[in-house]
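Q: Here it is: the structure, laid out below.
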Amino acid sequence: MLDIKWLRENLDEAGASLKRRGDGTPVELEGLLDRDEQRRQCLKESETLKNQKKKLSATVGRLKKDGQDAADEMEQVRQINLRIKDLDAEVETCEREIEAKLLRIPNLPDRSIPDGVDEGQNREIRSCGQPPDFSFEPKSHVDLGESLDILDFKRAAKISGARFAVYKGLGARLLRALINFMIDVHTKENGYEEIYPPFLVNEDSLTGTGQLPKFAEELFQMRDDPLYLIPTAEVPVTNYHRDEILPEEALPVRYVAYTPCFRREAGSYGKDTRGLIRQHQFDKVELVQFVPPGRSWEALELLVANAESILQKLNLPYRVVVLCAGDLGFSAAKTYDLEVWLPSQGTYREISSCSNFTDYQARRSHIRYKKKEDGKTGFVHTLNGSGLAAGRLFVAILENYQQADGSVLVPEALRHYLDGEKWIRAR
């Protein structure tokens, strides 16, 4: 959530910044500030009336003490009370409307990110590793998974419908190995504390991180309970400190969490309707950080490096791109995407998004910190990134480590988690 005081004082800058997103948001700002001005005028009038009431009440007391008639003054106090009640109600209405509008306005894009309307204007920062040069036509992960009998999409569709998968045998073990491997790297090497959060969250949690109210249609909501399946571990882990004040000396706080994730996916992604790339249910290891405002940009670079470390240890070719303003997520100020090479598609595909949300989520979730220097409180900055998406990492392993005979070589870093298994072969 944006700071209404800052918006009031920097309306032109806010409008220009939000216009970079290309979604018409600046139009909302003027109506927002009109209601804010109305709220402030009501508060000003209420304060003036309360001062008048205080003086009149003193006069009433003095007149009664002297045995004089105070009926006129008492009537004035009654009228003032009625007006104050109306003003308080108007202030409450304004505040509800202001908050509702603020919740629908996205974060301000950082000045360092490129302009652009969609992913075509994202800018590559660096690449690492060379895509494999196969002497044969590489298969897709779907064909590999089915021929190796480690993925079953047909029975998954029978069980649940489209956009689901069953991992089986060495496929299930490989997925579990990837999750355990990522958790171990992030806890033992990258300095994160592991959390295992709930997979169902309330509306306040989704509002706090920015999924509600804007993205309600992408969520799976419970029928009989006021709960939602999580779209990402970002939601429960960020809300772990909702409505709290953290001591500055405790920052930065870094958490890692594995969870399944649940999202509605529209059927307009072409080839992504087949396979593991876009599923209603998928597994992800998530990294979340809470840092002081002055350290969030260096924290973002560290977050990206932490996510990259997984791809590096698995020797997978990838690149890092910075998202343009038009492709930026709703709550983010700046995002780097990690994209892994997929031979069957002949292109890089997203496997992690690492974002700095500045104080946007912290304002929505009321997550503050107490400054050591003067004891004052301020909002923390929050960051999060996939570390990584396990299903897409599974895809990258199958496709980049496939062999001419249809088998898949297990990356050395994972063999410990598979009891030394070196190959995935058809049974």
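Ligands are numbered from 1 in the order shown, residues from 1 within each chain, and chains are lettered A, B, ... in the order they appear in the structure tokens.
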Taking the DSSP secondary structure from the backbone, can you list the residues of segment 96-300 of chain A that are strand (DSSP E), as a VMD selection string?

A: chain A and resid 123 to 128 151 to 152 166 to 167 193 to 195 200 to 202 227 to 229 244 to 247 253 to 262 281 to 291

Q: How would the residues just chosen look if you wrote them out with N, CA and C atoms as a tab-separated table (two decimals), in the first residue's frame?

A:
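File written: selection-v2.tsv
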```
chain	number	residue	atom	x	y	z
A	123	ARG	N	14.99	-6.78	-19.82
A	123	ARG	CA	16.40	-6.64	-20.22
A	123	ARG	C	17.26	-7.70	-19.57
A	124	GLU	N	18.02	-8.42	-20.39
A	124	GLU	CA	18.93	-9.44	-19.86
A	124	GLU	C	20.09	-8.76	-19.13
A	125	ILE	N	20.38	-9.26	-17.93
A	125	ILE	CA	21.48	-8.74	-17.13
A	125	ILE	C	22.73	-9.58	-17.31
A	126	ARG	N	22.55	-10.90	-17.28
A	126	ARG	CA	23.69	-11.80	-17.45
A	126	ARG	C	23.16	-13.20	-17.76
A	127	SER	N	24.04	-14.02	-18.30
A	127	SER	CA	23.72	-15.43	-18.53
A	127	SER	C	24.83	-16.28	-17.94
A	128	CYS	N	24.50	-17.51	-17.63
A	128	CYS	CA	25.47	-18.41	-17.00
A	128	CYS	C	25.31	-19.80	-17.61
A	151	LEU	N	6.15	-39.69	-14.90
A	151	LEU	CA	5.08	-38.70	-14.92
A	151	LEU	C	3.84	-39.32	-15.54
A	152	ASP	N	2.69	-39.03	-14.96
A	152	ASP	CA	1.44	-39.55	-15.50
A	152	ASP	C	0.41	-38.42	-15.53
A	166	VAL	N	0.76	-36.47	-11.92
A	166	VAL	CA	1.19	-37.44	-10.91
A	166	VAL	C	2.66	-37.74	-11.15
A	167	TYR	N	3.49	-37.51	-10.14
A	167	TYR	CA	4.89	-37.93	-10.18
A	167	TYR	C	4.94	-39.32	-9.56
A	193	GLU	N	16.32	-19.34	7.75
A	193	GLU	CA	15.69	-20.21	8.74
A	193	GLU	C	14.47	-20.86	8.11
A	194	GLU	N	14.34	-22.18	8.28
A	194	GLU	CA	13.23	-22.89	7.64
A	194	GLU	C	11.94	-22.71	8.42
A	195	ILE	N	10.87	-22.53	7.67
A	195	ILE	CA	9.51	-22.44	8.21
A	195	ILE	C	8.63	-23.41	7.42
A	200	LEU	N	-3.40	-23.05	4.08
A	200	LEU	CA	-4.65	-22.30	4.00
A	200	LEU	C	-4.47	-20.99	4.76
A	201	VAL	N	-4.90	-19.90	4.16
A	201	VAL	CA	-4.73	-18.60	4.80
A	201	VAL	C	-6.04	-17.81	4.72
A	202	ASN	N	-6.13	-16.79	5.59
A	202	ASN	CA	-7.34	-15.97	5.60
A	202	ASN	C	-7.21	-14.78	4.66
A	227	LEU	N	-11.35	-19.17	4.11
A	227	LEU	CA	-9.94	-19.49	3.88
A	227	LEU	C	-9.69	-19.72	2.39
A	228	TYR	N	-8.41	-19.56	2.01
A	228	TYR	CA	-7.98	-19.77	0.63
A	228	TYR	C	-6.75	-20.67	0.63
A	229	LEU	N	-6.62	-21.50	-0.43
A	229	LEU	CA	-5.37	-22.22	-0.64
A	229	LEU	C	-4.30	-21.22	-1.08
A	244	GLU	N	3.17	-6.79	13.70
A	244	GLU	CA	4.24	-6.87	14.69
A	244	GLU	C	5.24	-5.73	14.51
A	245	ILE	N	5.98	-5.46	15.59
A	245	ILE	CA	7.09	-4.51	15.55
A	245	ILE	C	8.36	-5.29	15.88
A	246	LEU	N	9.26	-5.38	14.92
A	246	LEU	CA	10.50	-6.14	15.10
A	246	LEU	C	11.60	-5.21	15.59
A	247	PRO	N	12.45	-5.66	16.49
A	247	PRO	CA	13.59	-4.83	16.88
A	247	PRO	C	14.59	-4.71	15.73
A	253	VAL	N	15.73	-10.46	8.76
A	253	VAL	CA	15.14	-11.78	9.05
A	253	VAL	C	14.96	-12.48	7.71
A	254	ARG	N	15.45	-13.73	7.63
A	254	ARG	CA	15.39	-14.47	6.37
A	254	ARG	C	14.76	-15.84	6.62
A	255	TYR	N	13.70	-16.15	5.87
A	255	TYR	CA	13.01	-17.42	6.00
A	255	TYR	C	13.00	-18.15	4.65
A	256	VAL	N	13.03	-19.48	4.74
A	256	VAL	CA	12.82	-20.32	3.57
A	256	VAL	C	11.71	-21.30	3.89
A	257	ALA	N	10.85	-21.54	2.93
A	257	ALA	CA	9.73	-22.45	3.17
A	257	ALA	C	9.41	-23.24	1.91
A	258	TYR	N	9.17	-24.53	2.09
A	258	TYR	CA	8.62	-25.34	1.02
A	258	TYR	C	7.11	-25.43	1.21
A	259	THR	N	6.36	-25.24	0.14
A	259	THR	CA	4.92	-25.50	0.16
A	259	THR	C	4.46	-25.92	-1.22
A	260	PRO	N	3.38	-26.68	-1.28
A	260	PRO	CA	2.65	-26.75	-2.54
A	260	PRO	C	1.96	-25.41	-2.75
A	261	CYS	N	1.70	-25.06	-3.99
A	261	CYS	CA	1.04	-23.80	-4.32
A	261	CYS	C	-0.15	-24.10	-5.23
A	262	PHE	N	-1.18	-23.26	-5.14
A	262	PHE	CA	-2.42	-23.52	-5.86
A	262	PHE	C	-2.88	-22.25	-6.57
A	281	GLN	N	-1.68	-26.98	-9.35
A	281	GLN	CA	-0.96	-27.34	-8.12
A	281	GLN	C	0.50	-27.57	-8.48
A	282	PHE	N	1.40	-26.91	-7.77
A	282	PHE	CA	2.82	-27.09	-8.03
A	282	PHE	C	3.60	-26.86	-6.75
A	283	ASP	N	4.86	-27.27	-6.74
A	283	ASP	CA	5.69	-27.19	-5.54
A	283	ASP	C	6.75	-26.12	-5.71
A	284	LYS	N	7.04	-25.43	-4.61
A	284	LYS	CA	7.98	-24.32	-4.69
A	284	LYS	C	8.68	-24.15	-3.36
A	285	VAL	N	9.95	-23.79	-3.43
A	285	VAL	CA	10.70	-23.37	-2.25
A	285	VAL	C	10.82	-21.85	-2.34
A	286	GLU	N	10.37	-21.17	-1.30
A	286	GLU	CA	10.28	-19.71	-1.32
A	286	GLU	C	11.23	-19.08	-0.31
A	287	LEU	N	11.82	-17.97	-0.71
A	287	LEU	CA	12.71	-17.19	0.15
A	287	LEU	C	12.04	-15.86	0.47
A	288	VAL	N	12.00	-15.50	1.75
A	288	VAL	CA	11.37	-14.25	2.19
A	288	VAL	C	12.32	-13.52	3.12
A	289	GLN	N	12.45	-12.21	2.93
A	289	GLN	CA	13.32	-11.41	3.78
A	289	GLN	C	12.59	-10.17	4.31
A	290	PHE	N	12.92	-9.81	5.55
A	290	PHE	CA	12.47	-8.55	6.17
A	290	PHE	C	13.74	-7.77	6.51
A	291	VAL	N	13.88	-6.57	5.96
A	291	VAL	CA	15.12	-5.81	6.13
A	291	VAL	C	14.80	-4.35	6.42
```

Q: Need the shell around Ala325 of chain A: protein/DNA/RNA residues with any atom at most 10 Å away, counting only C-alpha atoms. Skip same-chain ones fewer than 3 positions apart. Format as a list in words?

A: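 Once the nearby chain positions are removed, what remains is Ser17, Leu18, Lys19, Arg20, Arg21, Gly22, Leu108, Pro109, Asp110, Arg111, Ser112, Ile113, Pro114, Asp115, Gly116, Val117, Asp118, Glu119, Gln121, Asn122, Val322, Leu328, Gly329, Ala332, Ala333, Lys334 and Thr335 of chain A.
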
Q: Using the selection just defined, write its residues with C-alpha atoms as a JSON list (two decimals), in the first residue's frame.

A:
```json
[["chain", "number", "residue", "atom", "x", "y", "z"],
["A", 17, "SER", "CA", 5.57, 6.58, -12.00],
["A", 18, "LEU", "CA", 2.36, 4.56, -12.10],
["A", 19, "LYS", "CA", 1.78, 5.51, -15.73],
["A", 20, "ARG", "CA", 4.90, 3.51, -16.58],
["A", 21, "ARG", "CA", 2.91, 0.39, -15.70],
["A", 22, "GLY", "CA", 0.43, 1.19, -18.45],
["A", 108, "LEU", "CA", 5.64, 2.37, -7.67],
["A", 109, "PRO", "CA", 8.15, 0.94, -10.18],
["A", 110, "ASP", "CA", 11.73, 1.70, -9.18],
["A", 111, "ARG", "CA", 13.45, 4.25, -11.39],
["A", 112, "SER", "CA", 16.21, 1.79, -12.28],
["A", 113, "ILE", "CA", 13.98, -0.62, -14.19],
["A", 114, "PRO", "CA", 13.47, -0.25, -17.94],
["A", 115, "ASP", "CA", 10.33, 1.16, -19.54],
["A", 116, "GLY", "CA", 8.20, -1.23, -21.53],
["A", 117, "VAL", "CA", 4.72, -2.69, -21.84],
["A", 118, "ASP", "CA", 5.37, -6.43, -21.65],
["A", 119, "GLU", "CA", 8.03, -9.14, -21.32],
["A", 121, "GLN", "CA", 11.01, -5.19, -23.16],
["A", 122, "ASN", "CA", 12.62, -7.05, -20.24],
["A", 322, "VAL", "CA", 15.21, -7.37, -15.02],
["A", 328, "LEU", "CA", 6.18, -5.85, -13.13],
["A", 329, "GLY", "CA", 4.08, -7.66, -10.53],
["A", 332, "ALA", "CA", 6.83, -5.20, -6.61],
["A", 333, "ALA", "CA", 9.05, -2.16, -7.10],
["A", 334, "LYS", "CA", 11.73, -4.15, -8.93],
["A", 335, "THR", "CA", 11.95, -7.77, -10.04]]
```

Q: For Pro411 of chain A, which of A:Gly294, A:Thr207, A:Gln221, A:Leu316 is the closest residue, counting only C-alpha atoms?

A: A:Leu316

Q: Extract, using only C-alpha atoms, all DNA, RNA and protein residues at most 12 Å from segment 141-143 of chain A, discarding same-chain residues fewer than 2 positions from it, and format them as a PyMOL selection string.

A: chain A and resi 138-139+145-154+165-167+171+271-277+342-345+391-402+406-408

Q: With distances taken over only C-alpha atoms, which of A:Leu300, A:Ala89, A:Ile310, A:Ala156 is nearest to Glu189 of chain A?

A: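 Comparing A:Leu300, A:Ala89, A:Ile310, A:Ala156 against Glu189 of chain A, the winner is A:Ile310.
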
Q: Quick one: of A:Leu56, A:Val237, A:Ala157, A:Leu49, who's nearest to Phe199 of chain A, counting only C-alpha atoms?

A: A:Val237

Q: Please list as a VMD selection string every residue within 12 Å of Leu2 of chain A, counting only C-alpha atoms and excluding residues in the same chain fewer than 6 positions away.

A: chain A and resid 8 10 to 11 14 18 29 32 98 to 109 210 331 to 333 357 to 364 379

Q: For the interface of segment 82-130 of chain A with segment 66-78 of chain A (cut-off 10 Å, counting only C-alpha atoms), please tabulate each contacting residue of segment 82-130 of chain A alongside its nearest pair of atoms and their separation in Å to one decimal, rows sorted by chain and increasing number, as CSV.

A:
```
residue,atom,partner,partner_atom,distance
A:Leu82,CA,A:Arg78,CA,6.4
A:Arg83,CA,A:Arg78,CA,8.8
A:Ile84,CA,A:Arg78,CA,9.9
```

Q: Suppose you want the space between atom CA of Glu45 of chain A and atom CA of Leu7 of chain A; what is it in Å?

A: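 Result for atom CA of Glu45 of chain A versus atom CA of Leu7 of chain A: 22.9 Å, one decimal.
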
Q: Using DSSP on the backbone coordinates, identify the residues of segment 65-191 of chain A assigned to helix (DSSP H, G or I); present them as number ranges by chain.

A: A: 65, 71-102, 119-121, 141-147, 153-159, 170-188

Q: Could you jot down the atom CA of Gln38 of chain A to atom CA of Ile80 of chain A separation for me, Å, one decimal place?

A: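 Result for atom CA of Gln38 of chain A versus atom CA of Ile80 of chain A: 19.2 Å, one decimal.
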
Q: Name the closest residue to Lys376 of chain A among the candidates A:Asp243, A:Asp224, A:Asp327, A:Glu248; distances are taken between atoms, counting only C-alpha atoms.

A: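 With only C-alpha atoms as the atom set, the closest residue is A:Glu248.
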
Q: Considering only C-alpha atoms, can you say which of A:Asn190, A:Asn315, A:Thr232, A:Gln279 comes closest to Phe164 of chain A?

A: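 Result for the nearest residue to Phe164 of chain A: A:Gln279.
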